[in-house]
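Each remark here refers to the structure printed beneath this line.
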Amino acid sequence: VALPPALVVAHTLAPALFPWRYGLSQLGFLPYAQVAELGGLPLLDGLVAVVGCALVRTLRRPARVPLAITAAALLVPPLYGALRMHQVEHARASARSIAVGVVQPNIGIHDKHDPRQHLGHLGVLRAMTRDLEGRGAELVVWPESAYPYPVHREMAADRAGPLGLRQDGVHGPLIVGVITTDGPRATAAAGNARGGLAGTFVVGDGDRYNSAIAVARDGRVVGVADKVRLLAFGEYTPLWDVIPWLQRFPKGLTPGRGAQVVEVAGARVGVLNCYEDLLADHVRGQAAAAPDFWANVTNNAWFGDTTAPHLHHMNARLRAIETRRDLVRSVNTGVSGHTAATGEDLRRTDSFVRASFVADVRVLEGATPWTTIGDWVTPLAAAGLLALILLQRQRARGSTSASSRTR
């Protein structure tokens with residue numbers, strides 16, 4: 001009885017970069033996974049645990065109550081899910097669509113940070129974008145920090161010349177992962193592949209942000225979305241502002257604040273940067289700004305050709321169900337994809353290949369119980385677990401008292 005709530009509480013509280021939880025197993029059976037819109041991954045975890053525990057209890061000692069609990073936990077969620085999938089698919093079919101191009105350039109982690117290759121990488125990104133626009137893309141998304149040069153946060157329009165985004169036949173609109181800066185302006189130079197001077201550009205020498213900028217078709221920068229949840233030690237130094245000796249080390253990036261929604265190509269796009277699409281509470285908070293769909297920009301090259309990029313993508317699919325929004329993911333080395341609001345993978349790339357595709361993204365609206373209420377399952381499980389512990393202690397005291405009276 002105590003195991004399902006204990007597992008829910010432990011899964012929710014245990015820190016993990018790429019969490020593996022029982023509920024994720026139901027992505028292979030999407031009708032069951034649809035209950036995530038009611039209580040998120042904690043509800044799925046709890047249901048899977050209840051089925052397993054009640055089934056074992058029934059096999060060991062057949063009884064009506066465990067059998068009824070097993071049957072209900074097995075049958076009710078997929079029946080609900082089948083109905084909701086039909087409703088959501090109908091809503092998607094009748095919703096406005098936007099053709100979103102996704103770029104996966106497959107630039108290795110060492111190559112990505114080699115300044116001598118930056119112009120070449122930019123050329124690859126522009127060539128892939130030009131191809132996607134030729135295939136009908138109305139908006140193209142580049143991965144996290146894909147643009148190899150920093151951008152001042154007050155930049156109002158795309159750069160001219162060889163460092164511009166809209167060059168070599170690229171028209172836009174675009175959502176581009178980039179490092180943005182603020183503070184006093186300074187002039188920097190970009191070298192070409194041979195080390196020569198290719199152009200100059202304006203940056204700031206203040207705070208740095210892991211951002212995505214939205215560039216309209218006319219070249220205007222119409223939005224900046226910053227990464228809010230930074231990775232400790234990887235992107236910033238914790239307590240840097242309050243511990244003096246830590247200030248001998250780089251401060252790192254500055255977190256963004258507020259709703260990270262950009263309005264571009266006639267849509268309100270909720271931008272999730274890097275592993276933010278793994279964080280259900282963060283996505284729920286961003287859902288309050290009512291985006292039309294999610295765009296995740298990521299660089300998973302750090303993890304190499306491992307299972308991590310696939311696990312990242314699997315976790316991200318739950319966000320589409322929880323919020324009932326389509327999700328497109330542009331990942332430097334993969335896995336990139338387009339997940340429908342039902343959690344179904346409509347497009348998915350392999351990792352460590354150069355790939356691109358045009359996704360037929362549907363513009364949806366409305367809120368779910370999960371986005372409105374949040375995680376009600378974990379507190380309920382914690383309360384139930386505490387009640388069971390107190391009940392067990394009371395029974396133990398009663399048993400001890402009865403034994404003393406008998407003696």
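Labels for the structure tokens follow display order: chains A, B, ..., residues from 1 in each chain, ligands from 1.
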Env of A:Val221: 7 Å cut, atoms = only C-alpha atoms, seq-sep filter 3 positions within chain, self excluded. Answer as a VMD selection string. chain A and resid 156 to 158 213 to 216
May I have the selected residues written with C-alpha atoms, as a PDB file, in the first residue's frame?
ATOM      1  CA  ALA A 156      17.275  45.986 -33.631  1.00  0.00           C
ATOM      2  CA  ALA A 157      17.934  44.331 -36.978  1.00  0.00           C
ATOM      3  CA  ASP A 158      19.871  41.547 -38.633  1.00  0.00           C
ATOM      4  CA  ILE A 213      16.336  35.672 -31.035  1.00  0.00           C
ATOM      5  CA  ALA A 214      13.390  35.972 -33.385  1.00  0.00           C
ATOM      6  CA  VAL A 215      14.084  37.714 -36.685  1.00  0.00           C
ATOM      7  CA  ALA A 216      11.212  38.793 -38.932  1.00  0.00           C
TER       8      ALA A 216
END
Within 6 Å of stretch 95-106 of chain A using only C-alpha atoms, minus same-chain residues under 5 positions, as a ChimeraX atom specification: /A:132,137-142,330-333,352-363
Restricting the output to N, CA, C and O atoms, write the selected residues as a compact mmCIF listing (two decimals), in the first residue's frame.
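Printed below is again_9.txt as written:
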# COMPACT_ATOMS: atom_id res chain seq x y z
N LEU A 132 15.10 24.69 -46.71
CA LEU A 132 13.82 24.54 -46.02
C LEU A 132 12.81 25.58 -46.50
O LEU A 132 11.62 25.26 -46.68
N ALA A 137 8.85 26.26 -45.81
CA ALA A 137 8.91 26.65 -44.40
C ALA A 137 8.57 28.12 -44.24
O ALA A 137 9.14 28.98 -44.91
N GLU A 138 7.66 28.42 -43.33
CA GLU A 138 7.27 29.80 -43.03
C GLU A 138 8.08 30.36 -41.86
O GLU A 138 8.07 31.57 -41.61
N LEU A 139 8.73 29.50 -41.12
CA LEU A 139 9.58 29.86 -39.99
C LEU A 139 10.62 28.76 -39.85
O LEU A 139 10.29 27.58 -39.95
N VAL A 140 11.88 29.14 -39.64
CA VAL A 140 12.96 28.16 -39.51
C VAL A 140 13.62 28.34 -38.14
O VAL A 140 13.89 29.47 -37.71
N VAL A 141 13.88 27.22 -37.46
CA VAL A 141 14.45 27.23 -36.12
C VAL A 141 15.85 26.64 -36.16
O VAL A 141 16.04 25.53 -36.68
N TRP A 142 16.82 27.39 -35.61
CA TRP A 142 18.20 26.91 -35.47
C TRP A 142 18.43 26.47 -34.04
O TRP A 142 17.81 26.98 -33.10
N SER A 330 14.78 21.62 -32.28
CA SER A 330 15.93 21.78 -33.16
C SER A 330 17.17 21.54 -32.32
O SER A 330 17.53 22.36 -31.47
N VAL A 331 17.83 20.41 -32.56
CA VAL A 331 18.96 19.98 -31.73
C VAL A 331 20.19 19.85 -32.61
O VAL A 331 20.14 19.21 -33.67
N ASN A 332 21.28 20.44 -32.18
CA ASN A 332 22.50 20.51 -32.99
C ASN A 332 22.88 19.17 -33.61
O ASN A 332 23.06 19.06 -34.83
N THR A 333 23.00 18.14 -32.79
CA THR A 333 23.39 16.81 -33.28
C THR A 333 22.27 15.80 -33.12
O THR A 333 22.49 14.60 -33.26
N PHE A 352 23.49 12.52 -34.50
CA PHE A 352 24.79 12.64 -35.15
C PHE A 352 24.70 12.39 -36.67
O PHE A 352 25.52 11.70 -37.25
N VAL A 353 23.67 13.00 -37.26
CA VAL A 353 23.55 13.09 -38.71
C VAL A 353 23.08 14.50 -39.03
O VAL A 353 22.44 15.16 -38.21
N ARG A 354 23.42 14.99 -40.22
CA ARG A 354 22.91 16.28 -40.66
C ARG A 354 21.51 16.06 -41.23
O ARG A 354 21.32 15.23 -42.11
N ALA A 355 20.54 16.78 -40.71
CA ALA A 355 19.16 16.53 -41.11
C ALA A 355 18.34 17.81 -41.01
O ALA A 355 18.70 18.76 -40.29
N SER A 356 17.25 17.84 -41.74
CA SER A 356 16.31 18.95 -41.67
C SER A 356 14.95 18.45 -42.13
O SER A 356 14.84 17.45 -42.84
N PHE A 357 13.90 19.14 -41.70
CA PHE A 357 12.55 18.78 -42.13
C PHE A 357 11.63 19.97 -41.92
O PHE A 357 11.97 20.92 -41.20
N VAL A 358 10.48 19.91 -42.57
CA VAL A 358 9.44 20.93 -42.39
C VAL A 358 8.28 20.28 -41.65
O VAL A 358 7.72 19.28 -42.10
N ALA A 359 7.93 20.83 -40.49
CA ALA A 359 6.86 20.29 -39.66
C ALA A 359 5.58 21.08 -39.86
O ALA A 359 5.60 22.31 -39.92
N ASP A 360 4.47 20.37 -39.98
CA ASP A 360 3.15 20.99 -40.08
C ASP A 360 2.63 21.21 -38.67
O ASP A 360 1.88 20.40 -38.13
N VAL A 361 3.03 22.32 -38.06
CA VAL A 361 2.71 22.59 -36.66
C VAL A 361 1.33 23.24 -36.57
O VAL A 361 1.01 24.14 -37.34
N ARG A 362 0.54 22.76 -35.63
CA ARG A 362 -0.81 23.30 -35.44
C ARG A 362 -0.83 24.30 -34.28
O ARG A 362 -0.21 24.06 -33.23
N VAL A 363 -1.54 25.39 -34.47
CA VAL A 363 -1.66 26.44 -33.48
C VAL A 363 -2.87 26.12 -32.60
O VAL A 363 -4.01 26.16 -33.05
Running DSSP on the backbone, which parts of stretch 78-230 of chain A land in alpha helix (DSSP H), as JSON, numbers by chain? {"A": [78, 79, 80, 81, 82, 83, 84, 85, 86, 87, 88, 89, 90, 91, 92, 93, 94, 109, 110, 111, 112, 118, 119, 120, 121, 122, 123, 124, 125, 126, 127, 128, 129, 130, 131, 132, 133, 134]}
Please report the interatomic distance between atom CA of A:Leu165 and atom CA of A:Leu122 in Å with one decimal.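 So the answer is 8.1 Å.
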Nearest-residue call for A:Ala189, choices A:Ala68, A:Asn296, A:Tyr149, A:Pro19, using only C-alpha atoms: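 Answer, going by the shortest atom-to-atom distance: A:Tyr149.
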Between A:Trp294, A:Ser351, A:His310, A:Thr12, which has the minimum distance to A:Val328 (counting only C-alpha atoms)?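 That would be A:Trp294, the residue with the smallest distance to A:Val328.
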DSSP on the backbone, strand (DSSP E) only: what residues of stretch 167-285 of chain A does that give? Format it as an mmCIF file with N, CA, C and O atoms, in the first residue's frame.
data_model
loop_
_atom_site.group_PDB
_atom_site.id
_atom_site.type_symbol
_atom_site.label_atom_id
_atom_site.label_comp_id
_atom_site.auth_asym_id
_atom_site.auth_seq_id
_atom_site.Cartn_x
_atom_site.Cartn_y
_atom_site.Cartn_z
ATOM 1 N N LEU A 174 13.059 33.728 -38.684
ATOM 2 C CA LEU A 174 13.942 32.763 -38.051
ATOM 3 C C LEU A 174 13.824 32.846 -36.532
ATOM 4 O O LEU A 174 13.534 33.902 -35.979
ATOM 5 N N ILE A 175 14.061 31.723 -35.877
ATOM 6 C CA ILE A 175 14.350 31.675 -34.445
ATOM 7 C C ILE A 175 15.730 31.050 -34.330
ATOM 8 O O ILE A 175 15.939 29.912 -34.762
ATOM 9 N N VAL A 176 16.667 31.779 -33.740
ATOM 10 C CA VAL A 176 18.073 31.392 -33.785
ATOM 11 C C VAL A 176 18.661 31.359 -32.378
ATOM 12 O O VAL A 176 18.599 32.357 -31.646
ATOM 13 N N GLY A 177 19.252 30.239 -32.003
ATOM 14 C CA GLY A 177 19.969 30.144 -30.741
ATOM 15 C C GLY A 177 21.261 30.936 -30.811
ATOM 16 O O GLY A 177 22.039 30.797 -31.764
ATOM 17 N N VAL A 178 21.518 31.785 -29.785
ATOM 18 C CA VAL A 178 22.669 32.678 -29.816
ATOM 19 C C VAL A 178 23.002 33.126 -28.392
ATOM 20 O O VAL A 178 22.135 33.120 -27.509
ATOM 21 N N ILE A 179 24.242 33.502 -28.166
ATOM 22 C CA ILE A 179 24.630 34.134 -26.911
ATOM 23 C C ILE A 179 24.433 35.639 -27.060
ATOM 24 O O ILE A 179 24.982 36.255 -27.972
ATOM 25 N N THR A 180 23.615 36.238 -26.185
ATOM 26 C CA THR A 180 23.396 37.676 -26.231
ATOM 27 C C THR A 180 24.134 38.343 -25.070
ATOM 28 O O THR A 180 24.403 37.722 -24.043
ATOM 29 N N THR A 181 24.463 39.611 -25.253
ATOM 30 C CA THR A 181 25.197 40.376 -24.248
ATOM 31 C C THR A 181 24.547 41.732 -24.059
ATOM 32 O O THR A 181 23.822 42.220 -24.935
ATOM 33 N N ARG A 185 28.774 48.981 -25.227
ATOM 34 C CA ARG A 185 29.033 48.358 -26.516
ATOM 35 C C ARG A 185 30.520 48.388 -26.853
ATOM 36 O O ARG A 185 31.231 49.320 -26.528
ATOM 37 N N ALA A 186 30.942 47.320 -27.504
ATOM 38 C CA ALA A 186 32.328 47.226 -27.977
ATOM 39 C C ALA A 186 32.310 46.611 -29.363
ATOM 40 O O ALA A 186 31.375 45.926 -29.742
ATOM 41 N N THR A 187 33.345 46.871 -30.135
ATOM 42 C CA THR A 187 33.436 46.341 -31.491
ATOM 43 C C THR A 187 34.351 45.130 -31.509
ATOM 44 O O THR A 187 35.442 45.146 -30.948
ATOM 45 N N ALA A 188 33.881 44.060 -32.142
ATOM 46 C CA ALA A 188 34.675 42.836 -32.264
ATOM 47 C C ALA A 188 34.845 42.508 -33.732
ATOM 48 O O ALA A 188 34.160 43.039 -34.612
ATOM 49 N N ALA A 189 35.787 41.632 -34.016
ATOM 50 C CA ALA A 189 36.067 41.241 -35.398
ATOM 51 C C ALA A 189 35.871 39.751 -35.558
ATOM 52 O O ALA A 189 36.097 38.968 -34.643
ATOM 53 N N ALA A 190 35.434 39.356 -36.744
ATOM 54 C CA ALA A 190 35.259 37.939 -37.058
ATOM 55 C C ALA A 190 36.269 37.545 -38.119
ATOM 56 O O ALA A 190 36.432 38.228 -39.132
ATOM 57 N N GLY A 191 36.952 36.443 -37.893
ATOM 58 C CA GLY A 191 37.930 35.963 -38.861
ATOM 59 C C GLY A 191 37.330 34.912 -39.768
ATOM 60 O O GLY A 191 36.412 34.200 -39.395
ATOM 61 N N LEU A 197 40.342 38.904 -41.740
ATOM 62 C CA LEU A 197 39.241 39.667 -41.178
ATOM 63 C C LEU A 197 38.042 39.596 -42.120
ATOM 64 O O LEU A 197 38.117 40.002 -43.269
ATOM 65 N N ALA A 198 36.908 39.059 -41.611
ATOM 66 C CA ALA A 198 35.718 38.929 -42.440
ATOM 67 C C ALA A 198 34.706 40.025 -42.163
ATOM 68 O O ALA A 198 33.829 40.271 -42.955
ATOM 69 N N GLY A 199 34.804 40.676 -41.022
ATOM 70 C CA GLY A 199 33.852 41.726 -40.711
ATOM 71 C C GLY A 199 33.912 42.073 -39.240
ATOM 72 O O GLY A 199 34.537 41.391 -38.448
ATOM 73 N N THR A 200 33.292 43.183 -38.894
ATOM 74 C CA THR A 200 33.233 43.600 -37.499
ATOM 75 C C THR A 200 31.775 43.631 -37.047
ATOM 76 O O THR A 200 30.859 43.735 -37.865
ATOM 77 N N PHE A 201 31.575 43.534 -35.741
ATOM 78 C CA PHE A 201 30.227 43.556 -35.215
ATOM 79 C C PHE A 201 30.263 44.115 -33.799
ATOM 80 O O PHE A 201 31.312 44.151 -33.150
ATOM 81 N N VAL A 202 29.106 44.549 -33.319
ATOM 82 C CA VAL A 202 28.995 45.199 -32.020
ATOM 83 C C VAL A 202 28.491 44.203 -30.993
ATOM 84 O O VAL A 202 27.515 43.499 -31.223
ATOM 85 N N VAL A 203 29.177 44.111 -29.851
ATOM 86 C CA VAL A 203 28.754 43.267 -28.738
ATOM 87 C C VAL A 203 28.763 44.107 -27.477
ATOM 88 O O VAL A 203 29.162 45.263 -27.482
ATOM 89 N N GLY A 204 28.351 43.514 -26.373
ATOM 90 C CA GLY A 204 28.418 44.182 -25.074
ATOM 91 C C GLY A 204 29.381 43.433 -24.182
ATOM 92 O O GLY A 204 29.573 42.234 -24.340
ATOM 93 N N ARG A 208 26.045 38.004 -19.936
ATOM 94 C CA ARG A 208 25.829 37.141 -21.096
ATOM 95 C C ARG A 208 24.641 36.232 -20.823
ATOM 96 O O ARG A 208 24.461 35.746 -19.703
ATOM 97 N N TYR A 209 23.859 35.981 -21.875
ATOM 98 C CA TYR A 209 22.643 35.178 -21.752
ATOM 99 C C TYR A 209 22.639 34.107 -22.836
ATOM 100 O O TYR A 209 23.074 34.350 -23.971
ATOM 101 N N ASN A 210 22.120 32.937 -22.490
ATOM 102 C CA ASN A 210 21.879 31.893 -23.476
ATOM 103 C C ASN A 210 20.483 32.139 -24.034
ATOM 104 O O ASN A 210 19.483 31.888 -23.356
ATOM 105 N N SER A 211 20.410 32.628 -25.260
ATOM 106 C CA SER A 211 19.160 33.164 -25.782
ATOM 107 C C SER A 211 18.768 32.530 -27.108
ATOM 108 O O SER A 211 19.538 31.798 -27.735
ATOM 109 N N ALA A 212 17.560 32.873 -27.517
ATOM 110 C CA ALA A 212 17.105 32.645 -28.886
ATOM 111 C C ALA A 212 16.476 33.941 -29.355
ATOM 112 O O ALA A 212 15.648 34.528 -28.646
ATOM 113 N N ILE A 213 16.900 34.430 -30.504
ATOM 114 C CA ILE A 213 16.336 35.672 -31.035
ATOM 115 C C ILE A 213 15.396 35.333 -32.187
ATOM 116 O O ILE A 213 15.620 34.377 -32.934
ATOM 117 N N ALA A 214 14.342 36.113 -32.290
ATOM 118 C CA ALA A 214 13.390 35.972 -33.385
ATOM 119 C C ALA A 214 13.606 37.101 -34.380
ATOM 120 O O ALA A 214 13.618 38.275 -33.997
ATOM 121 N N VAL A 215 13.818 36.736 -35.633
ATOM 122 C CA VAL A 215 14.084 37.714 -36.685
ATOM 123 C C VAL A 215 12.969 37.626 -37.725
ATOM 124 O O VAL A 215 12.705 36.544 -38.282
ATOM 125 N N VAL A 221 14.716 42.399 -35.472
ATOM 126 C CA VAL A 221 14.748 41.476 -34.325
ATOM 127 C C VAL A 221 13.492 41.753 -33.506
ATOM 128 O O VAL A 221 13.372 42.802 -32.869
ATOM 129 N N VAL A 222 12.548 40.824 -33.515
ATOM 130 C CA VAL A 222 11.230 41.066 -32.922
ATOM 131 C C VAL A 222 11.054 40.386 -31.573
ATOM 132 O O VAL A 222 9.986 40.505 -30.954
ATOM 133 N N GLY A 223 12.072 39.689 -31.084
ATOM 134 C CA GLY A 223 11.936 39.057 -29.775
ATOM 135 C C GLY A 223 13.228 38.397 -29.335
ATOM 136 O O GLY A 223 14.017 37.942 -30.161
ATOM 137 N N VAL A 224 13.434 38.378 -28.019
ATOM 138 C CA VAL A 224 14.577 37.693 -27.414
ATOM 139 C C VAL A 224 14.046 36.837 -26.270
ATOM 140 O O VAL A 224 13.346 37.350 -25.388
ATOM 141 N N ALA A 225 14.361 35.555 -26.287
ATOM 142 C CA ALA A 225 13.955 34.637 -25.215
ATOM 143 C C ALA A 225 15.208 34.057 -24.583
ATOM 144 O O ALA A 225 16.039 33.463 -25.275
ATOM 145 N N ASP A 226 15.363 34.256 -23.281
ATOM 146 C CA ASP A 226 16.558 33.816 -22.571
ATOM 147 C C ASP A 226 16.300 32.511 -21.824
ATOM 148 O O ASP A 226 15.190 32.276 -21.332
ATOM 149 N N VAL A 261 8.374 34.028 -24.513
ATOM 150 C CA VAL A 261 7.516 33.877 -25.693
ATOM 151 C C VAL A 261 7.886 34.950 -26.703
ATOM 152 O O VAL A 261 7.994 36.128 -26.345
ATOM 153 N N VAL A 262 8.102 34.544 -27.950
ATOM 154 C CA VAL A 262 8.386 35.503 -29.017
ATOM 155 C C VAL A 262 7.257 35.440 -30.039
ATOM 156 O O VAL A 262 6.696 34.377 -30.301
ATOM 157 N N GLU A 263 6.920 36.585 -30.582
ATOM 158 C CA GLU A 263 5.869 36.659 -31.598
ATOM 159 C C GLU A 263 6.540 36.856 -32.947
ATOM 160 O O GLU A 263 7.138 37.894 -33.214
ATOM 161 N N VAL A 264 6.437 35.839 -33.783
ATOM 162 C CA VAL A 264 7.103 35.852 -35.072
ATOM 163 C C VAL A 264 6.319 34.954 -36.023
ATOM 164 O O VAL A 264 5.687 33.977 -35.596
ATOM 165 N N ALA A 267 2.742 33.921 -35.094
ATOM 166 C CA ALA A 267 2.475 32.975 -34.013
ATOM 167 C C ALA A 267 3.192 33.411 -32.743
ATOM 168 O O ALA A 267 4.214 34.102 -32.790
ATOM 169 N N ARG A 268 2.627 32.985 -31.608
ATOM 170 C CA ARG A 268 3.275 33.164 -30.310
ATOM 171 C C ARG A 268 4.010 31.867 -29.988
ATOM 172 O O ARG A 268 3.381 30.837 -29.727
ATOM 173 N N VAL A 269 5.331 31.934 -30.036
ATOM 174 C CA VAL A 269 6.147 30.735 -29.893
ATOM 175 C C VAL A 269 6.775 30.715 -28.495
ATOM 176 O O VAL A 269 7.503 31.636 -28.123
ATOM 177 N N GLY A 270 6.485 29.679 -27.741
ATOM 178 C CA GLY A 270 7.104 29.497 -26.440
ATOM 179 C C GLY A 270 8.462 28.828 -26.615
ATOM 180 O O GLY A 270 8.539 27.707 -27.111
ATOM 181 N N VAL A 271 9.531 29.527 -26.230
ATOM 182 C CA VAL A 271 10.893 29.024 -26.446
ATOM 183 C C VAL A 271 11.380 28.314 -25.184
ATOM 184 O O VAL A 271 11.394 28.895 -24.091
ATOM 185 N N LEU A 272 11.782 27.062 -25.349
ATOM 186 C CA LEU A 272 12.381 26.265 -24.281
ATOM 187 C C LEU A 272 13.822 26.014 -24.679
ATOM 188 O O LEU A 272 14.081 25.431 -25.733
ATOM 189 N N ASN A 273 14.752 26.472 -23.850
ATOM 190 C CA ASN A 273 16.160 26.426 -24.216
ATOM 191 C C ASN A 273 16.846 25.262 -23.524
ATOM 192 O O ASN A 273 16.766 25.113 -22.302
#
Using only C-alpha atoms, pick whichever of A:Gly39, A:Gly46, A:Pro255, A:Gly172 has the shortest atom-to-atom distance to A:Ala2.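 The answer is A:Gly46, which sits nearest to A:Ala2.
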Using only C-alpha atoms, which residues sit within 12 Å of A:His90 once same-chain residues fewer than 4 positions away are excluded, as a list in words?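 Non-adjacent residues within range: Leu83, Arg84, Met85, His86, Ser94, Ala95, Ala341, Thr342, Arg362 and Leu364 of chain A.
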Requested write-out: all heavy atoms of the selected residues, as an mmCIF file, in the first residue's frame:
data_model
loop_
_atom_site.group_PDB
_atom_site.id
_atom_site.type_symbol
_atom_site.label_atom_id
_atom_site.label_comp_id
_atom_site.auth_asym_id
_atom_site.auth_seq_id
_atom_site.Cartn_x
_atom_site.Cartn_y
_atom_site.Cartn_z
ATOM 1 N N LEU A 83 -10.365 8.587 -25.776
ATOM 2 C CA LEU A 83 -11.318 9.671 -26.010
ATOM 3 C C LEU A 83 -10.591 10.999 -26.205
ATOM 4 O O LEU A 83 -10.877 11.754 -27.136
ATOM 5 C CB LEU A 83 -12.290 9.766 -24.835
ATOM 6 C CG LEU A 83 -13.254 10.964 -24.857
ATOM 7 C CD1 LEU A 83 -14.168 10.899 -26.080
ATOM 8 C CD2 LEU A 83 -14.075 11.009 -23.564
ATOM 9 N N ARG A 84 -9.620 11.295 -25.343
ATOM 10 C CA ARG A 84 -8.912 12.563 -25.432
ATOM 11 C C ARG A 84 -8.043 12.649 -26.690
ATOM 12 O O ARG A 84 -7.945 13.717 -27.301
ATOM 13 C CB ARG A 84 -8.045 12.762 -24.182
ATOM 14 C CG ARG A 84 -8.829 13.076 -22.952
ATOM 15 C CD ARG A 84 -9.583 14.389 -23.094
ATOM 16 N NE ARG A 84 -8.661 15.526 -23.117
ATOM 17 C CZ ARG A 84 -8.746 16.552 -23.942
ATOM 18 N NH1 ARG A 84 -9.708 16.593 -24.860
ATOM 19 N NH2 ARG A 84 -7.870 17.534 -23.881
ATOM 20 N N MET A 85 -7.434 11.548 -27.081
ATOM 21 C CA MET A 85 -6.645 11.575 -28.314
ATOM 22 C C MET A 85 -7.524 11.906 -29.503
ATOM 23 O O MET A 85 -7.130 12.680 -30.387
ATOM 24 C CB MET A 85 -5.945 10.229 -28.516
ATOM 25 C CG MET A 85 -4.751 10.006 -27.608
ATOM 26 S SD MET A 85 -3.803 8.525 -28.022
ATOM 27 C CE MET A 85 -2.997 9.059 -29.545
ATOM 28 N N HIS A 86 -8.715 11.334 -29.546
ATOM 29 C CA HIS A 86 -9.644 11.631 -30.643
ATOM 30 C C HIS A 86 -10.014 13.112 -30.635
ATOM 31 O O HIS A 86 -10.031 13.761 -31.693
ATOM 32 C CB HIS A 86 -10.902 10.771 -30.491
ATOM 33 C CG HIS A 86 -11.971 11.097 -31.495
ATOM 34 N ND1 HIS A 86 -11.886 10.737 -32.829
ATOM 35 C CD2 HIS A 86 -13.144 11.794 -31.367
ATOM 36 C CE1 HIS A 86 -12.944 11.170 -33.473
ATOM 37 N NE2 HIS A 86 -13.720 11.821 -32.615
ATOM 38 N N SER A 94 -8.511 20.838 -37.294
ATOM 39 C CA SER A 94 -9.250 22.054 -37.629
ATOM 40 C C SER A 94 -8.503 23.333 -37.250
ATOM 41 O O SER A 94 -9.006 24.432 -37.491
ATOM 42 C CB SER A 94 -10.616 22.039 -36.924
ATOM 43 O OG SER A 94 -10.460 21.925 -35.520
ATOM 44 N N ALA A 95 -7.308 23.202 -36.672
ATOM 45 C CA ALA A 95 -6.559 24.374 -36.221
ATOM 46 C C ALA A 95 -5.729 24.970 -37.351
ATOM 47 O O ALA A 95 -5.403 24.299 -38.342
ATOM 48 C CB ALA A 95 -5.644 23.997 -35.052
ATOM 49 N N ALA A 341 0.400 17.377 -30.100
ATOM 50 C CA ALA A 341 -0.147 17.633 -28.769
ATOM 51 C C ALA A 341 -0.670 16.368 -28.106
ATOM 52 O O ALA A 341 -1.009 16.388 -26.922
ATOM 53 C CB ALA A 341 -1.266 18.671 -28.860
ATOM 54 N N THR A 342 -0.722 15.274 -28.836
ATOM 55 C CA THR A 342 -1.095 13.978 -28.264
ATOM 56 C C THR A 342 0.117 13.209 -27.755
ATOM 57 O O THR A 342 -0.036 12.131 -27.183
ATOM 58 C CB THR A 342 -1.799 13.110 -29.309
ATOM 59 O OG1 THR A 342 -0.914 12.943 -30.440
ATOM 60 C CG2 THR A 342 -3.091 13.746 -29.785
ATOM 61 N N ARG A 362 0.537 22.763 -35.631
ATOM 62 C CA ARG A 362 -0.806 23.305 -35.445
ATOM 63 C C ARG A 362 -0.828 24.295 -34.276
ATOM 64 O O ARG A 362 -0.209 24.059 -33.230
ATOM 65 C CB ARG A 362 -1.802 22.178 -35.193
ATOM 66 C CG ARG A 362 -1.895 21.190 -36.373
ATOM 67 C CD ARG A 362 -2.227 21.923 -37.660
ATOM 68 N NE ARG A 362 -2.090 21.108 -38.845
ATOM 69 C CZ ARG A 362 -3.098 20.822 -39.671
ATOM 70 N NH1 ARG A 362 -4.312 21.295 -39.411
ATOM 71 N NH2 ARG A 362 -2.877 20.089 -40.738
ATOM 72 N N LEU A 364 -2.595 25.790 -31.327
ATOM 73 C CA LEU A 364 -3.650 25.385 -30.408
ATOM 74 C C LEU A 364 -3.776 26.390 -29.271
ATOM 75 O O LEU A 364 -2.892 27.215 -29.037
ATOM 76 C CB LEU A 364 -3.350 23.988 -29.853
ATOM 77 C CG LEU A 364 -3.240 22.871 -30.899
ATOM 78 C CD1 LEU A 364 -2.817 21.561 -30.249
ATOM 79 C CD2 LEU A 364 -4.557 22.694 -31.632
#
Two-atom distance - atom CA of A:Gln167, atom CA of A:Arg126 (Å):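 Separating atom CA of A:Gln167 from atom CA of A:Arg126 is a distance of 7.2 Å.
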Nearest residue to A:Asn299 from the set A:Gln394, A:Ser336, A:Gln260, A:Gln247 (distances using only C-alpha atoms):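 Nearest candidate to A:Asn299 out of A:Gln394, A:Ser336, A:Gln260, A:Gln247: A:Ser336.
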note - atom CA of A:Asp131 and atom CA of A:Pro143 are separated by 16.5 Å
My list of candidates is A:Leu3, A:Pro162, A:Gly136, A:Pro31. Which is closest to A:His118 when distances are computed with only C-alpha atoms?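 Of A:Leu3, A:Pro162, A:Gly136, A:Pro31, the one nearest A:His118 is A:Pro162, counting only C-alpha atoms.
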Rank A:Pro369, A:Arg317, A:Ala10, A:Gly258 by their smallest atom-to-atom distance to A:Leu346, using only C-alpha atoms, and report the top residue only.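 Using only C-alpha atoms, A:Leu346 sits closest to A:Arg317.
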